[in-house]
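> Below is a structure I'd like to ask you about.
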Amino acid sequence: MTRTNALLYGVVCLALGACSRPASSSPDAAPAASGSTAASASAHPFAYTGKLEPNPDPVADLVARTYTVTVREDLVHAGTTAGVVSWSYAAPDKPTRLATLVLPGSVSGITAFGPNGSLLAVATGPTGLVIVDAGNVARGRLDRISEAPWKPSERKGCHAAWNTRVASDRAAFVACGTGGIAEVDLSVLARPTVSRSMDVDGYVRDIAVLDASAGLAAEKASPHKLVAAAGAAGLAVVEFPPGGAPRVLSRLPTRGESRSLEVRGGIAYVADGPAGVRIVDLHDPSSPKELATFDPGTVDMARGVAVEGTTLVVCLGDSGVMAMDVSDPAKPKRVAAVDPSRAVNRATVSGKRLFAANDAGGIVVLDLSRPGELRQLHPVEGAKKP
């Protein structure tokens with residue numbers, strides 16, 4: 001009998017005068033040894049005297065549902081339904097949970113920045129952007145610096161924060177869904193404030209900064225240039241010039257729904273939703289050129305990408321993870337696949353290890369040292385080849 005049914009039963013009994021009052025006891029009495037009835041009954045006429053229902057910690061139930069991960073050596077910060085959960089993967093097969101910070105909204109993006117990556121810019125969807133201090137994570141603490149949810153006066157038109165890229169000590173950019181792209185002033189970490197924004201006529205879930213680390217030539221690279229995965233609108237390359245109005249430099253339609261991207265060596269690798277993967281040359285941001293497309297032929301769509309050397313890893317939701325050889329970006333080749341028990345949302349690489357957000361399965365760790373023979377380090381399962 002459920003607790004609701006028990007209460008209804010008590011009301012009926014009281015109305016009919018057909019129920020005897022049980023002996024006195026606490027309403028929170030422990031169950032009997034058999035687990036089916038209470039050790040003694042409650043004095044309250046509506047007390048539930050059958051099998052006690054479990055009362056689990058809601059955070060413990062939610063921390064496993066993982067949407068994104070960011071990694072620094074063996075430290076992994078996972079974005080979950082509950083907030084941010086930090087783990088040590090010094091022993092890949094036996095991770096240790098270090099700290100949890102409960103936040104409003106589900107975490108869809110985390111970017112580490114600041115001294116030794118000790119600060120986190122956490123995107124929590126419609127509830128906005130949160131700045132977190134992870135400097136004491138080894139002592140079991142994650143400390144929220146800014147308010148959550150993000151104040152309307154500070155977020156302005158950034159309707160939903162899906163991912164964040166930090167361009168400098170004082171500036172970050174946020175993928176704002178229908179709000180396009182927002183530049184955020186980080187000079188006061190307790191109050192991250194949108195300084196400028198622009199609509200790119202699409203739903204922006206991810207962005208990448210086209211600075212020197214993206215592999216562009218010095219005259220083309222800039223911390224003020226970005227490429228956005230803008231949903232059905234494809235890719236948009238934009239610029240937020242110092243002191244000037246933001247502008248669109250170029251656009252490139254894609255056949256699917258651009259959801260996430262990563263830029264390496266001047267090449268953008270795009271998870272294009274149901275259309276699979278797009279590989280785009282961004283060496284000249286004003287004139288992007290599509291190099292290749294790849295349809296994985298799977299049931300689910302491309303949700304995320306990660307790059308390690310000449311290996312591209314595609315997160316395919318319920319269809320698992322696919323590794324591709326992109327030594328020639330114009331001719332990508334599938335080389336291996338792994339299908340974990342749950343949907344794979346996003347992934348990131350640290351050394352030769354891939355850390356993938358495995359939804360209700362938590363985090364999956366793969367060994368990328370031999371891309372054609374993907375080996376799952378945690379949890380230990382078999383791998384399959386194409």
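Letters A, B, ... go to the chains of the structure tokens in the order shown; residues in each chain start at 1; ligands are counted from 1 in the same order.
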Would you list the contacts of Asp339 of chain A as a list in words, taking every protein, DNA or RNA residue within 7 Å and counting only C-alpha atoms, but skipping same-chain residues closer than 6 positions in sequence?

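Counting only the stated atoms, we get Ser319, Gly320 and Val321 of chain A.
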
> Using backbone DSSP assignments, extract all helix (DSSP H, G or I) residues from segment 164-375 of chain A; output them as a PDB file with C-alpha atoms, in the first residue's frame.


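Result went into states-v6.pdb, see below:
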ATOM      1  CA  ALA A 212      45.775  31.212 -31.464  1.00  0.00           C
ATOM      2  CA  SER A 213      44.938  27.963 -29.646  1.00  0.00           C
ATOM      3  CA  ALA A 214      42.419  27.170 -32.388  1.00  0.00           C
ATOM      4  CA  PRO A 371      41.925   4.327 -31.612  1.00  0.00           C
ATOM      5  CA  GLY A 372      41.179   1.273 -33.741  1.00  0.00           C
ATOM      6  CA  GLU A 373      40.823  -0.823 -30.591  1.00  0.00           C
TER       7      GLU A 373
END

> Of the residues A:Leu216, A:Val365, A:Val277, A:Ala134, which is the one nearest to Ala347 of chain A, using only C-alpha atoms?

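Nearest to Ala347 of chain A: A:Val365.
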
> Taking 4 positions as the minimum chain separation for residues in the same chain, which residues sit within 12 Å of Asp325 of chain A when counting only C-alpha atoms? Answer as a JSON list (two decimals) with N, CA and C atoms, in the first residue's frame.


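Contents of the output file around-v2.json:
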[["chain", "number", "residue", "atom", "x", "y", "z"],
["A", 294, "PHE", "N", 29.92, 13.25, -42.79],
["A", 294, "PHE", "CA", 29.93, 11.82, -42.48],
["A", 294, "PHE", "C", 28.63, 11.46, -41.76],
["A", 307, "VAL", "N", 38.36, 15.80, -29.91],
["A", 307, "VAL", "CA", 39.47, 15.53, -30.82],
["A", 307, "VAL", "C", 40.73, 15.25, -30.02],
["A", 308, "GLU", "N", 41.44, 14.20, -30.43],
["A", 308, "GLU", "CA", 42.75, 13.87, -29.88],
["A", 308, "GLU", "C", 43.67, 13.52, -31.04],
["A", 309, "GLY", "N", 44.63, 14.42, -31.35],
["A", 309, "GLY", "CA", 45.53, 14.16, -32.47],
["A", 309, "GLY", "C", 44.76, 14.03, -33.77],
["A", 310, "THR", "N", 44.87, 12.87, -34.40],
["A", 310, "THR", "CA", 44.16, 12.63, -35.66],
["A", 310, "THR", "C", 42.91, 11.77, -35.44],
["A", 311, "THR", "N", 42.46, 11.70, -34.21],
["A", 311, "THR", "CA", 41.27, 10.92, -33.89],
["A", 311, "THR", "C", 40.12, 11.84, -33.49],
["A", 312, "LEU", "N", 39.00, 11.68, -34.16],
["A", 312, "LEU", "CA", 37.77, 12.38, -33.81],
["A", 312, "LEU", "C", 36.83, 11.39, -33.14],
["A", 313, "VAL", "N", 36.32, 11.77, -31.97],
["A", 313, "VAL", "CA", 35.34, 10.94, -31.28],
["A", 313, "VAL", "C", 34.00, 11.64, -31.34],
["A", 314, "VAL", "N", 32.99, 10.90, -31.76],
["A", 314, "VAL", "CA", 31.64, 11.45, -31.90],
["A", 314, "VAL", "C", 30.72, 10.80, -30.87],
["A", 329, "PRO", "N", 41.40, 15.40, -42.98],
["A", 329, "PRO", "CA", 40.06, 15.86, -42.59],
["A", 329, "PRO", "C", 39.03, 15.79, -43.72],
["A", 330, "ALA", "N", 39.50, 15.78, -44.94],
["A", 330, "ALA", "CA", 38.58, 15.71, -46.07],
["A", 330, "ALA", "C", 38.09, 14.29, -46.32],
["A", 331, "LYS", "N", 38.72, 13.31, -45.66],
["A", 331, "LYS", "CA", 38.34, 11.91, -45.87],
["A", 331, "LYS", "C", 38.27, 11.18, -44.53],
["A", 332, "PRO", "N", 37.31, 11.52, -43.69],
["A", 332, "PRO", "CA", 37.20, 10.85, -42.39],
["A", 332, "PRO", "C", 36.82, 9.38, -42.55],
["A", 333, "LYS", "N", 37.39, 8.55, -41.67],
["A", 333, "LYS", "CA", 37.11, 7.11, -41.73],
["A", 333, "LYS", "C", 36.74, 6.60, -40.34],
["A", 334, "ARG", "N", 35.68, 5.86, -40.26],
["A", 334, "ARG", "CA", 35.30, 5.21, -39.01],
["A", 334, "ARG", "C", 36.28, 4.09, -38.71],
["A", 335, "VAL", "N", 36.78, 4.01, -37.46],
["A", 335, "VAL", "CA", 37.75, 2.98, -37.11],
["A", 335, "VAL", "C", 37.30, 2.10, -35.95],
["A", 336, "ALA", "N", 36.40, 2.59, -35.10],
["A", 336, "ALA", "CA", 35.97, 1.78, -33.96],
["A", 336, "ALA", "C", 34.73, 2.39, -33.33],
["A", 368, "LEU", "N", 42.28, 5.90, -25.52],
["A", 368, "LEU", "CA", 42.43, 6.28, -26.92],
["A", 368, "LEU", "C", 43.82, 6.01, -27.48],
["A", 370, "ARG", "N", 45.05, 3.43, -28.70],
["A", 370, "ARG", "CA", 44.94, 2.67, -29.95],
["A", 370, "ARG", "C", 43.52, 2.88, -30.46],
["A", 371, "PRO", "N", 43.29, 3.95, -31.23],
["A", 371, "PRO", "CA", 41.92, 4.33, -31.61],
["A", 371, "PRO", "C", 41.15, 3.22, -32.32],
["A", 372, "GLY", "N", 41.86, 2.36, -33.05],
["A", 372, "GLY", "CA", 41.18, 1.27, -33.74],
["A", 372, "GLY", "C", 40.76, 0.14, -32.83]]

> Please tabulate, as CSV, the residues of segment 251-303 of chain A that come within 12 Å of segment 100-119 of chain A, each with its closest pair of atoms and the distance in Å to one decimal, counting only C-alpha atoms and ordering rows by chain, then residue number upward.


residue,atom,partner,partner_atom,distance
A:Arg259,CA,A:Ser108,CA,11.9
A:Ser260,CA,A:Gly109,CA,10.8
A:Arg303,CA,A:Ser108,CA,12.0

> Can you work out which one of A:Gly202, A:Asp211, A:Ser286, A:Gly231 has the shortest atom-to-atom distance to Val248 of chain A, counting only C-alpha atoms?

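Closest to Val248 of chain A, using only C-alpha atoms: A:Ser286.
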
> For atom CA of Ala161 of chain A and atom CA of Val174 of chain A, quote the distance in Å rounded to one decimal.

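Going from atom CA of Ala161 of chain A over to atom CA of Val174 of chain A, I get 6.3 Å.
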
> Return the single residue from A:His77, A:Arg191, A:Arg165, A:Arg170 that is closest to Glu147 of chain A, with distances computed using only C-alpha atoms.

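Of A:His77, A:Arg191, A:Arg165, A:Arg170, the one nearest Glu147 of chain A, counting only C-alpha atoms, is A:Arg191.
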
> Write down as an MDAnalysis selection string the residues of segment 216-333 of chain A whose backbone DSSP state falls under strand (DSSP E).

chainID A and resid 225:229 235:239 247:252 260:264 267:271 277:281 289:294 304:308 311:315 321:325 333

> Report as a ChimeraX atom specification all protein, DNA and RNA residues lying within 7 Å of segment 227-229 of chain A, evaluated on only C-alpha atoms, omitting residues in the same chain fewer than 6 positions from it.

/A:204-209,235-238,258-261
